Amino acid sequence: MNSDFGWSISSLSTINQCGHLWKLRYRSDTQPESGRDLPSYAFGRAVHKMIEEIHLRGFWDVHHWIRLWDEVWDEQAKDVDWEAYPGRKRNFDRLGPGILAAYTECEENRLAEIECLEQRFEVELDGLKVKGVIDQIRRQPDGLLLLDFKTSKEPSHPLVERADPQLTLYAHVCGLLYDQMPTVGHYYLRTGRMVITERREEDVETVLGMMREAQQRVDGGLLTRQVGWHCNECVYRGPCLGELAA
C-alpha cells in the first residue's frame with residue numbers, strides 16, 4: 001500500500017485510463033513486470049536530468065556534458081527490454097545528444113535567470129494532497145515563466161495546450177509558492193519551440209474538479225478494469241491480465 005499517496009496529473013491520468021491500473025499502482029503491493037520500463041519514459045527522465053545538471057554545473061560546452069549524458073542515459077535505459085522495441089535504442093542514442101546540443105547552443109537558455117529546477121512540491125488543495133515536479137521556472141522582466149519540457153515531436157492542438165491540466169496545476173502551485181501567477185509553456189526540445197499560454201482561476205477550478213471526481217471514484221471503489229490496446233505497453237500487463245487468465 002502506498003500510504004504516501006498524493007494526487008498528481010500522472011495519477012489522475014492513470015485512473016481516467018483504467019481504474020484497476022490505478023489500484024495496482026497506488027493501492028497495492030503489486031510490482032510492475034521487470035524490464036517493462038517504457039523507452040519514452042526512460043529517455044524523458046534522462047533528458048530532464050541532463051538539463052538540470054547543465055544549469056547546475058554550467059556544462060554548456062559539449063565536451064563537458066557529452067560524457068555525463070552517456071552515464072545518465074545508461075542508468076535510465078537499463079530497465080528497458082530493448083529487444084521488444086527494435087531500433088528504438090539506436091534512435092534515442094542519437095536523439096539525446098542532438099536535443100542537448102540544441103538546448104545548450106540556444107543563447108536564451110544560457111542567459112536565463114533560473115528560479116528553480118526540478119522543484120518537487122506537496123501541497124493540500126481543496127482537502128486533497130497534491131504532488132508534482134515543476135521542471136523549470138525562469139524569472140523574466142515581466143514575471144515568471146514556468147516551463148514543462150517535452151521530448152515529443154510536435155505541440156498539441158492550441159486548445160489542448162491552453163487547457164493542459166498539468167500546466168494549470170503547476171501554475172496554481174507556483175502562485176502559492178512564489179505569490180505570483182506565472183505564464184506557462186511547453187518547451188518542445190526536438191524543435192526548440194516554446195508554446196506559451198496563460199491560466200485563470202476558472203482553469204484551476206476545472207482541474208480541482210477533476211481531482212475531486214477521481215477521489216470520489218476511489219472512495220466509492222469504482223476502479224473498473226479497462227482492457228484495451230493501451231494494455232500492450234502497460235508495465236502491469238502481466239499481473240493485471242493474468243488475473244483474467246487464471
# chains A, B, ... in the order shown; residues from 1 in each chain; ligands from 1

call {"tool": "residues_around", "arguments": {"residues": "Leu125 of chain A", "least_positions_apart": "6", "cutoff": "10 Å", "atoms": "only C-alpha atoms", "output": "PDB file with N, CA and C atoms, in the first residue's frame"}}
result
ATOM      1  N   TRP A   7      -2.360  13.097  -5.026  1.00  0.00           N
ATOM      2  CA  TRP A   7      -2.795  13.217  -6.414  1.00  0.00           C
ATOM      3  C   TRP A   7      -1.766  13.995  -7.235  1.00  0.00           C
ATOM      4  N   HIS A 172      -0.866  27.140 -10.666  1.00  0.00           N
ATOM      5  CA  HIS A 172      -1.527  27.446  -9.396  1.00  0.00           C
ATOM      6  C   HIS A 172      -0.566  27.245  -8.224  1.00  0.00           C
ATOM      7  N   VAL A 173       0.168  26.133  -8.242  1.00  0.00           N
ATOM      8  CA  VAL A 173       1.128  25.864  -7.161  1.00  0.00           C
ATOM      9  C   VAL A 173       2.231  26.915  -7.156  1.00  0.00           C
ATOM     10  N   LEU A 208      -9.170  21.028 -10.307  1.00  0.00           N
ATOM     11  CA  LEU A 208      -9.529  20.573  -8.963  1.00  0.00           C
ATOM     12  C   LEU A 208     -10.813  19.748  -8.999  1.00  0.00           C
ATOM     13  N   MET A 211      -9.951  16.268  -9.951  1.00  0.00           N
ATOM     14  CA  MET A 211      -9.353  15.525  -8.842  1.00  0.00           C
ATOM     15  C   MET A 211     -10.399  15.127  -7.806  1.00  0.00           C
TER      16      MET A 211
END

call {"tool": "closest_atom_pairs", "arguments": {"of": "segment 19-96 of chain A", "to": "segment 185-195 of chain A", "cutoff": "12 Å", "atoms": "only C-alpha atoms", "output": "tab-separated table"}}
result
residue	atom	partner	partner_atom	distance
A:Gly44	CA	A:Leu189	CA	10.5
A:Val47	CA	A:Leu189	CA	9.3
A:His48	CA	A:Leu189	CA	10.3
A:Ile51	CA	A:Leu189	CA	10.6
A:Phe92	CA	A:Arg190	CA	11.7
A:Arg94	CA	A:Arg190	CA	11.9
A:Leu95	CA	A:Arg190	CA	8.3
A:Gly96	CA	A:Arg190	CA	9.3

call {"tool": "atom_distance", "arguments": {"atom1": "atom CA of His55 of chain A", "atom2": "atom CA of Leu167 of chain A"}}
result
22.0 Å

call {"tool": "atom_distance", "arguments": {"atom1": "atom CA of Lys78 of chain A", "atom2": "atom CA of His230 of chain A"}}
result
22.9 Å

call {"tool": "residues_around", "arguments": {"residues": "Asp203 of chain A", "least_positions_apart": "3", "cutoff": "9 Å", "atoms": "only C-alpha atoms", "output": "VMD selection string"}}
result
chain A and resid 163 165 168 to 169 199 to 200 206 to 208

call {"tool": "decode", "arguments": {"residues": "segment 195-225 of chain A", "atoms": "C-alpha atoms", "output": "mmCIF file, in the first residue's frame"}}
result
data_model
loop_
_atom_site.group_PDB
_atom_site.id
_atom_site.type_symbol
_atom_site.label_atom_id
_atom_site.label_comp_id
_atom_site.auth_asym_id
_atom_site.auth_seq_id
_atom_site.Cartn_x
_atom_site.Cartn_y
_atom_site.Cartn_z
ATOM 1 C CA VAL A 195 4.254 27.175 -26.763
ATOM 2 C CA ILE A 196 3.339 29.820 -24.191
ATOM 3 C CA THR A 197 -0.127 30.146 -22.630
ATOM 4 C CA GLU A 198 -1.746 31.722 -19.589
ATOM 5 C CA ARG A 199 -4.054 30.412 -16.895
ATOM 6 C CA ARG A 200 -7.026 31.828 -14.999
ATOM 7 C CA GLU A 201 -8.683 30.821 -11.727
ATOM 8 C CA GLU A 202 -11.510 29.068 -13.563
ATOM 9 C CA ASP A 203 -8.909 26.818 -15.203
ATOM 10 C CA VAL A 204 -7.665 25.834 -11.758
ATOM 11 C CA GLU A 205 -11.189 25.020 -10.599
ATOM 12 C CA THR A 206 -11.647 22.710 -13.601
ATOM 13 C CA VAL A 207 -8.561 20.678 -12.637
ATOM 14 C CA LEU A 208 -9.529 20.573 -8.963
ATOM 15 C CA GLY A 209 -12.957 19.335 -10.025
ATOM 16 C CA MET A 210 -11.290 16.506 -11.958
ATOM 17 C CA MET A 211 -9.353 15.525 -8.842
ATOM 18 C CA ARG A 212 -12.415 15.670 -6.596
ATOM 19 C CA GLU A 213 -14.271 13.413 -9.009
ATOM 20 C CA ALA A 214 -11.338 10.979 -9.094
ATOM 21 C CA GLN A 215 -11.243 10.891 -5.285
ATOM 22 C CA GLN A 216 -14.965 10.110 -5.243
ATOM 23 C CA ARG A 217 -14.296 7.131 -7.515
ATOM 24 C CA VAL A 218 -11.620 5.893 -5.117
ATOM 25 C CA ASP A 219 -13.857 6.396 -2.073
ATOM 26 C CA GLY A 220 -16.669 4.537 -3.818
ATOM 27 C CA GLY A 221 -14.449 1.689 -5.021
ATOM 28 C CA LEU A 222 -15.264 2.455 -8.663
ATOM 29 C CA LEU A 223 -11.963 1.170 -10.025
ATOM 30 C CA THR A 224 -13.032 -0.855 -13.047
ATOM 31 C CA ARG A 225 -10.503 -2.645 -15.249
#
